[in-house]
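Heads up: the structure comes next, in structure tokens.
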Amino acid sequence: MSCDLPDFTPPPEVDLLSPMLTQGGTSWTAEFRGLTLHTALQPIYSLSHKRTIGYEALIRAFDTDQCAVSPLQLFELPDSHAENLLLDRLCRYLHIQNYSGIKDQLNWLFLNVSPQVVTTGSQKDSFFGQLLEKTGLPPHRIVIEIVEQPTDDAERLRETVAYYRELGCLIAIDDFGAGHSNFERIWNLSPDIVKLDRALLNRATEERKARQILNGMASLLHQSGCLVLLEGVETRDQAMIAIDAGVDFVQGFYFKKPSLELENLSQAQADLDELLEEYKYYKQLIQDPNHQLASHFAMPFERTVERLQNNATMEQACVELLNHPTVSRCYLVNSNGIQIEDTLVSDSIERNQDPRYRPLESTASADWFRQQYLRQALAEPENLQVTTPYLCVTGAYMCVTLSLAFEHSGETRVLCCDILANPPAPDSEG
């Protein structure tokens, strides 16, 4: 069966698509080019709420022999813009018809829409409004997902997104962090939710640096006013990475695969309590270095500060700290954040300094007031402060900074000490 629609066929309205849907029991199916289309739903969980907060609707197609046809093959079938638009609307109609019949009056339904379809036709098109009115599903329970790919008409995309937002829907950008994605679309569309692509998670599973980038990206998106969803979580390790990244929502096979059994959605709950308890244990006792570092360096810091208060030079006062194998450098800063004298570098760091970063080595009179560790130390004098790992600007290596404010001759000073976040293993002997 073929839907022979010319390119100039008027956009299919709800009543024209209704005959293509069939109800069987508690669910609906649709027919397209001899294929039977079904709705599959995959739960989306909030880590903080520890429960389902929505479902992504996915299309599943079967031929006359009940053999599955991949979504990629399905969406390659349309041979005109009109037919492409028809298939997109038919899928959304099917999903909303199915979801509106589920006894769930709270959670979101995530619907995928490609930029090419979104920008086809007029943003004044009444189809979606008609659909919500017919099915009775409130627009505030719909999340329109814009697939992250290039579009020929960014202005029309922005207008159409505004149309869905005016209806009362939420807007999400899908597959962010892969392919053509960039923050320009965040600025242009101001999405409510950003779905990070699974490729970011796969990379973070393999590389520590990629994990730090994932964490930073989640933080930047939060600062941009977006909630963050990480999709593609398939293992327990990846679930722990998602928790540590600070994302709001998670989705993936580890929690629940997409299901055609829509009446069993209430059984899709995940045991997030156990995961979060494991994360707390892992973070506090194994991964979080702050407590251990503060305890380990508290006494050496006190002795160093005492020497400085007794008018020892920095070279004399910092010998004990600089002899520690993980210490890279020590420096002194005044209450305005200006460094006093130049930095003292440990012998091992001096021997291994990368000559490419030589322009950054001298830090005499450098201004460190922007650094959180300095402001925190000034706010809490005599309390040793410990940062999370970050990139040291003077050598482009990952470090943790310890800082302690103290009084000397009526003036406030802050002693700072950088610790290698990933110290090299000691050479084996024999």
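Ligands are numbered from 1 in the order shown, chains are lettered A, B, ... in the order of the structure tokens, and residues start at 1 in each chain.
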
* Could you name the residues that touch Tyr279 of chain A at 9 Å or less, counting only C-alpha atoms, but leaving out those on the same chain fewer than 6 positions away, as an MDAnalysis selection string? -> chainID A and resid 240 243:244

Would you put the residues from that selection into a file with all heavy atoms, as an mmCIF file, in the first residue's frame?
```cif
data_model
loop_
_atom_site.group_PDB
_atom_site.id
_atom_site.type_symbol
_atom_site.label_atom_id
_atom_site.label_comp_id
_atom_site.auth_asym_id
_atom_site.auth_seq_id
_atom_site.Cartn_x
_atom_site.Cartn_y
_atom_site.Cartn_z
ATOM 1 N N MET A 240 26.329 5.222 37.649
ATOM 2 C CA MET A 240 27.101 5.945 38.655
ATOM 3 C C MET A 240 27.733 7.196 38.054
ATOM 4 O O MET A 240 27.798 8.250 38.698
ATOM 5 C CB MET A 240 28.175 5.030 39.234
ATOM 6 C CG MET A 240 27.636 3.804 39.938
ATOM 7 S SD MET A 240 26.603 4.186 41.371
ATOM 8 C CE MET A 240 27.849 4.566 42.573
ATOM 9 N N ILE A 243 25.030 9.837 37.834
ATOM 10 C CA ILE A 243 24.763 10.436 39.144
ATOM 11 C C ILE A 243 25.848 11.451 39.478
ATOM 12 O O ILE A 243 25.573 12.565 39.921
ATOM 13 C CB ILE A 243 24.677 9.346 40.227
ATOM 14 C CG1 ILE A 243 23.461 8.450 39.990
ATOM 15 C CG2 ILE A 243 24.604 9.967 41.616
ATOM 16 C CD1 ILE A 243 23.400 7.228 40.882
ATOM 17 N N ASP A 244 27.106 11.070 39.242
ATOM 18 C CA ASP A 244 28.229 11.949 39.579
ATOM 19 C C ASP A 244 28.260 13.191 38.694
ATOM 20 O O ASP A 244 28.733 14.245 39.118
ATOM 21 C CB ASP A 244 29.542 11.174 39.437
ATOM 22 C CG ASP A 244 30.727 11.926 40.017
ATOM 23 O OD1 ASP A 244 30.643 12.328 41.197
ATOM 24 O OD2 ASP A 244 31.720 12.133 39.296
#
```

* **segment 287-371 of chain A: residues DSSP assigns to helix (DSSP H, G or I), reported as an MDAnalysis selection string** => chainID A and resid 287 290:309 314:317 319:322 347:351 355:360

Pull N, CA, C and O atoms from the residues just selected and write them as a short mmCIF file (atom, residue, chain, number, x, y, z; two decimals), in the first residue's frame.
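Writing the result to selection.cif gives the following:
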```
data_model
loop_
_atom_site.label_atom_id
_atom_site.label_comp_id
_atom_site.auth_asym_id
_atom_site.auth_seq_id
_atom_site.Cartn_x
_atom_site.Cartn_y
_atom_site.Cartn_z
N GLN A 287 36.04 8.06 46.35
CA GLN A 287 36.31 9.00 45.28
C GLN A 287 36.60 10.40 45.77
O GLN A 287 37.43 11.11 45.21
N ASN A 290 38.67 15.13 49.45
CA ASN A 290 38.76 16.31 50.32
C ASN A 290 39.06 15.98 51.76
O ASN A 290 39.95 16.55 52.38
N HIS A 291 38.29 15.05 52.32
CA HIS A 291 38.45 14.74 53.74
C HIS A 291 39.83 14.14 54.00
O HIS A 291 40.53 14.54 54.95
N GLN A 292 40.24 13.21 53.15
CA GLN A 292 41.54 12.57 53.34
C GLN A 292 42.68 13.57 53.17
O GLN A 292 43.65 13.56 53.95
N LEU A 293 42.58 14.44 52.16
CA LEU A 293 43.64 15.42 51.94
C LEU A 293 43.74 16.41 53.09
O LEU A 293 44.84 16.74 53.55
N ALA A 294 42.59 16.88 53.55
CA ALA A 294 42.60 17.84 54.66
C ALA A 294 43.21 17.22 55.90
O ALA A 294 44.00 17.86 56.61
N SER A 295 42.86 15.97 56.17
CA SER A 295 43.41 15.30 57.35
C SER A 295 44.92 15.08 57.21
O SER A 295 45.68 15.28 58.15
N HIS A 296 45.32 14.68 56.00
CA HIS A 296 46.73 14.35 55.78
C HIS A 296 47.64 15.58 55.86
O HIS A 296 48.74 15.52 56.39
N PHE A 297 47.15 16.72 55.33
CA PHE A 297 48.00 17.91 55.23
C PHE A 297 47.76 18.94 56.34
O PHE A 297 48.42 19.98 56.35
N ALA A 298 46.83 18.67 57.25
CA ALA A 298 46.51 19.65 58.28
C ALA A 298 47.73 20.02 59.12
O ALA A 298 48.04 21.22 59.30
N MET A 299 48.44 19.04 59.63
CA MET A 299 49.59 19.31 60.49
C MET A 299 50.75 19.96 59.72
O MET A 299 51.33 20.96 60.19
N PRO A 300 51.13 19.45 58.53
CA PRO A 300 52.19 20.14 57.77
C PRO A 300 51.85 21.59 57.45
O PRO A 300 52.72 22.46 57.48
N PHE A 301 50.55 21.87 57.15
CA PHE A 301 50.13 23.24 56.88
C PHE A 301 50.29 24.11 58.13
O PHE A 301 50.77 25.24 58.04
N GLU A 302 49.89 23.59 59.28
CA GLU A 302 50.01 24.35 60.53
C GLU A 302 51.47 24.67 60.82
O GLU A 302 51.81 25.80 61.23
N ARG A 303 52.34 23.69 60.62
CA ARG A 303 53.76 23.93 60.89
C ARG A 303 54.35 24.95 59.91
O ARG A 303 55.16 25.80 60.29
N THR A 304 53.89 24.89 58.65
CA THR A 304 54.39 25.85 57.65
C THR A 304 53.93 27.27 57.99
O THR A 304 54.71 28.23 57.92
N VAL A 305 52.66 27.41 58.36
CA VAL A 305 52.13 28.73 58.73
C VAL A 305 52.84 29.27 59.97
O VAL A 305 53.19 30.47 60.04
N GLU A 306 53.12 28.40 60.94
CA GLU A 306 53.82 28.83 62.15
C GLU A 306 55.21 29.36 61.81
O GLU A 306 55.66 30.38 62.36
N ARG A 307 55.89 28.71 60.89
CA ARG A 307 57.22 29.18 60.47
C ARG A 307 57.12 30.55 59.81
O ARG A 307 57.96 31.43 60.04
N LEU A 308 56.09 30.73 58.94
CA LEU A 308 55.91 32.02 58.28
C LEU A 308 55.61 33.12 59.30
O LEU A 308 56.10 34.25 59.18
N GLN A 309 54.80 32.81 60.30
CA GLN A 309 54.47 33.79 61.34
C GLN A 309 55.69 34.13 62.20
O GLN A 309 55.74 35.21 62.81
N MET A 314 59.72 31.95 52.62
CA MET A 314 58.87 30.92 52.01
C MET A 314 59.68 29.66 51.74
O MET A 314 59.20 28.54 51.94
N GLU A 315 60.94 29.82 51.26
CA GLU A 315 61.78 28.65 50.98
C GLU A 315 61.99 27.84 52.25
O GLU A 315 61.94 26.60 52.22
N GLN A 316 62.24 28.52 53.37
CA GLN A 316 62.47 27.82 54.63
C GLN A 316 61.18 27.18 55.16
O GLN A 316 61.19 26.05 55.64
N ALA A 317 60.08 27.92 55.06
CA ALA A 317 58.82 27.45 55.65
C ALA A 317 58.20 26.28 54.89
O ALA A 317 57.54 25.43 55.49
N VAL A 319 59.62 23.82 53.04
CA VAL A 319 60.44 22.64 52.73
C VAL A 319 59.67 21.36 52.96
O VAL A 319 59.67 20.43 52.12
N GLU A 320 58.97 21.26 54.10
CA GLU A 320 58.24 20.03 54.42
C GLU A 320 57.17 19.73 53.37
O GLU A 320 57.03 18.59 52.92
N LEU A 321 56.40 20.75 52.99
CA LEU A 321 55.35 20.54 51.99
C LEU A 321 55.93 20.14 50.64
O LEU A 321 55.45 19.21 49.98
N LEU A 322 56.97 20.85 50.21
CA LEU A 322 57.53 20.61 48.88
C LEU A 322 58.23 19.26 48.76
O LEU A 322 58.42 18.75 47.66
N ASP A 347 60.94 19.87 43.30
CA ASP A 347 62.03 19.42 42.43
C ASP A 347 61.51 18.52 41.32
O ASP A 347 61.93 18.63 40.15
N SER A 348 60.57 17.63 41.64
CA SER A 348 60.08 16.70 40.63
C SER A 348 59.32 17.43 39.53
O SER A 348 59.46 17.12 38.34
N ILE A 349 58.54 18.43 39.90
CA ILE A 349 57.79 19.20 38.90
C ILE A 349 58.76 20.01 38.05
O ILE A 349 58.62 20.12 36.82
N GLU A 350 59.77 20.60 38.70
CA GLU A 350 60.74 21.42 37.96
C GLU A 350 61.49 20.60 36.93
O GLU A 350 61.75 21.06 35.81
N ARG A 351 61.80 19.35 37.28
CA ARG A 351 62.51 18.48 36.34
C ARG A 351 61.63 18.09 35.17
O ARG A 351 62.14 17.86 34.06
N PRO A 355 58.26 22.41 28.45
CA PRO A 355 58.75 23.70 27.96
C PRO A 355 57.72 24.47 27.13
O PRO A 355 57.82 25.68 26.97
N ARG A 356 56.70 23.78 26.62
CA ARG A 356 55.68 24.47 25.83
C ARG A 356 54.86 25.44 26.67
O ARG A 356 54.26 26.36 26.14
N TYR A 357 54.83 25.20 28.00
CA TYR A 357 54.05 26.07 28.88
C TYR A 357 54.92 27.06 29.66
O TYR A 357 54.48 27.62 30.66
N ARG A 358 56.14 27.28 29.19
CA ARG A 358 57.05 28.18 29.88
C ARG A 358 56.50 29.61 30.03
O ARG A 358 56.76 30.26 31.05
N PRO A 359 55.74 30.13 29.06
CA PRO A 359 55.19 31.48 29.24
C PRO A 359 54.28 31.61 30.47
O PRO A 359 54.01 32.72 30.93
N LEU A 360 53.80 30.48 31.00
CA LEU A 360 52.87 30.53 32.13
C LEU A 360 53.55 30.29 33.48
O LEU A 360 52.89 30.35 34.52
#
```

Give one line per residue of segment 240-266 of chain A that approaches segment 204-226 of chain A to at most 8 Å, naming the two atoms of the closest pair and their distance in Å to one decimal, counting only C-alpha atoms; sort by chain then ascending residue number and deliver it as a tab-separated table.
```
residue	atom	partner	partner_atom	distance
A:Ile241	CA	A:Arg211	CA	7.6
A:Asp244	CA	A:Asn215	CA	7.5
A:Ala245	CA	A:Asn215	CA	4.4
A:Gly246	CA	A:Ala218	CA	6.7
A:Val247	CA	A:Ala218	CA	6.1
```

Written selection (C-alpha atoms) as a CSV table (one decimal), in the first residue's frame:
```csv
chain,number,residue,atom,x,y,z
A,241,ILE,CA,28.8,8.3,36.1
A,244,ASP,CA,28.2,11.9,39.6
A,245,ALA,CA,27.8,14.2,36.5
A,246,GLY,CA,24.9,16.0,38.3
A,247,VAL,CA,22.3,15.4,35.6
```

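Compared by their closest atoms to Lys257 of chain A, and using only C-alpha atoms, the residues A:Met20, A:Leu77, A:Ala57, A:Ala30 rank with A:Ala57 nearest.
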
* To do: Fewer than 4 positions away in the same chain doesn't count, so skip those; otherwise give me all residues within 7 Å of Phe369 of chain A, counting only C-alpha atoms, as number ranges by chain.
  => A: 336-337, 374-375

* **Computed interatomic separation between atom CA of Trp108 of chain A and atom CA of Glu234 of chain A (Å)** => 22.1 Å

* To do: Show which residues sit within 12 Å of Glu166 of chain A, as a PyMOL selection string. Count only C-alpha atoms, and ignore same-chain residues fewer than 3 positions away.
  => chain A and resi 123-124+128-129+139-140+159-163+169-171

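The interatomic distance for the pair atom CA of His81 of chain A and atom CA of Leu21 of chain A works out to 21.3 Å.
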
* Asked: Which residue gives the smallest distance to Glu133 of chain A among A:Leu35, A:Val386, A:Val14, A:Ala172, with only C-alpha atoms counted?
  -> A:Val14

* **Shell around Gln371 of chain A at 12 Å using only C-alpha atoms, local window under 3 positions removed, as a list in words** =>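 The neighbour list is Val333, Asn336, Gly337, Ile338, Ala366, Asp367, Trp368, Leu374, Arg375, Gln376, Ala377, Leu378, Thr387, Tyr390, Cys392, Val393, Thr401, Leu402, Ser403 and Cys416 of chain A.
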
Please report, as CSV, each residue of segment 73-181 of chain A lying at most 7 Å from segment 39-54 of chain A, together with the nearest pair of atoms and the separation in Å rounded to one decimal; use only C-alpha atoms, and order rows by chain and ascending residue number.
```
residue,atom,partner,partner_atom,distance
A:Leu94,CA,A:Thr39,CA,6.9
A:His95,CA,A:Thr39,CA,5.7
A:Asn107,CA,A:Gly54,CA,4.7
A:Trp108,CA,A:Gly54,CA,4.2
A:Leu109,CA,A:Gly54,CA,5.7
```

* To do: Among the residues of segment 8-67 of chain A, find those DSSP assigns to strand (DSSP E or B) from the backbone and print them as a PyMOL selection string.
  => chain A and resi 21-24+27-32+35-46+51-62

* 12 Å contact set for Glu13 of chain A, only C-alpha atoms, chain neighbours under 6 positions out, as a PyMOL selection string -> chain A and resi 19+85-86+89-90+93+125-131+134

* **All residues 6 Å or closer to segment 193-196 of chain A, only C-alpha atoms, same chain fewer than 5 positions away omitted, as a list in words** => Ala172, Ile173, Asp174, Asp175, Phe176, Cys226, Leu227, Val228, Leu229 and Leu230 of chain A
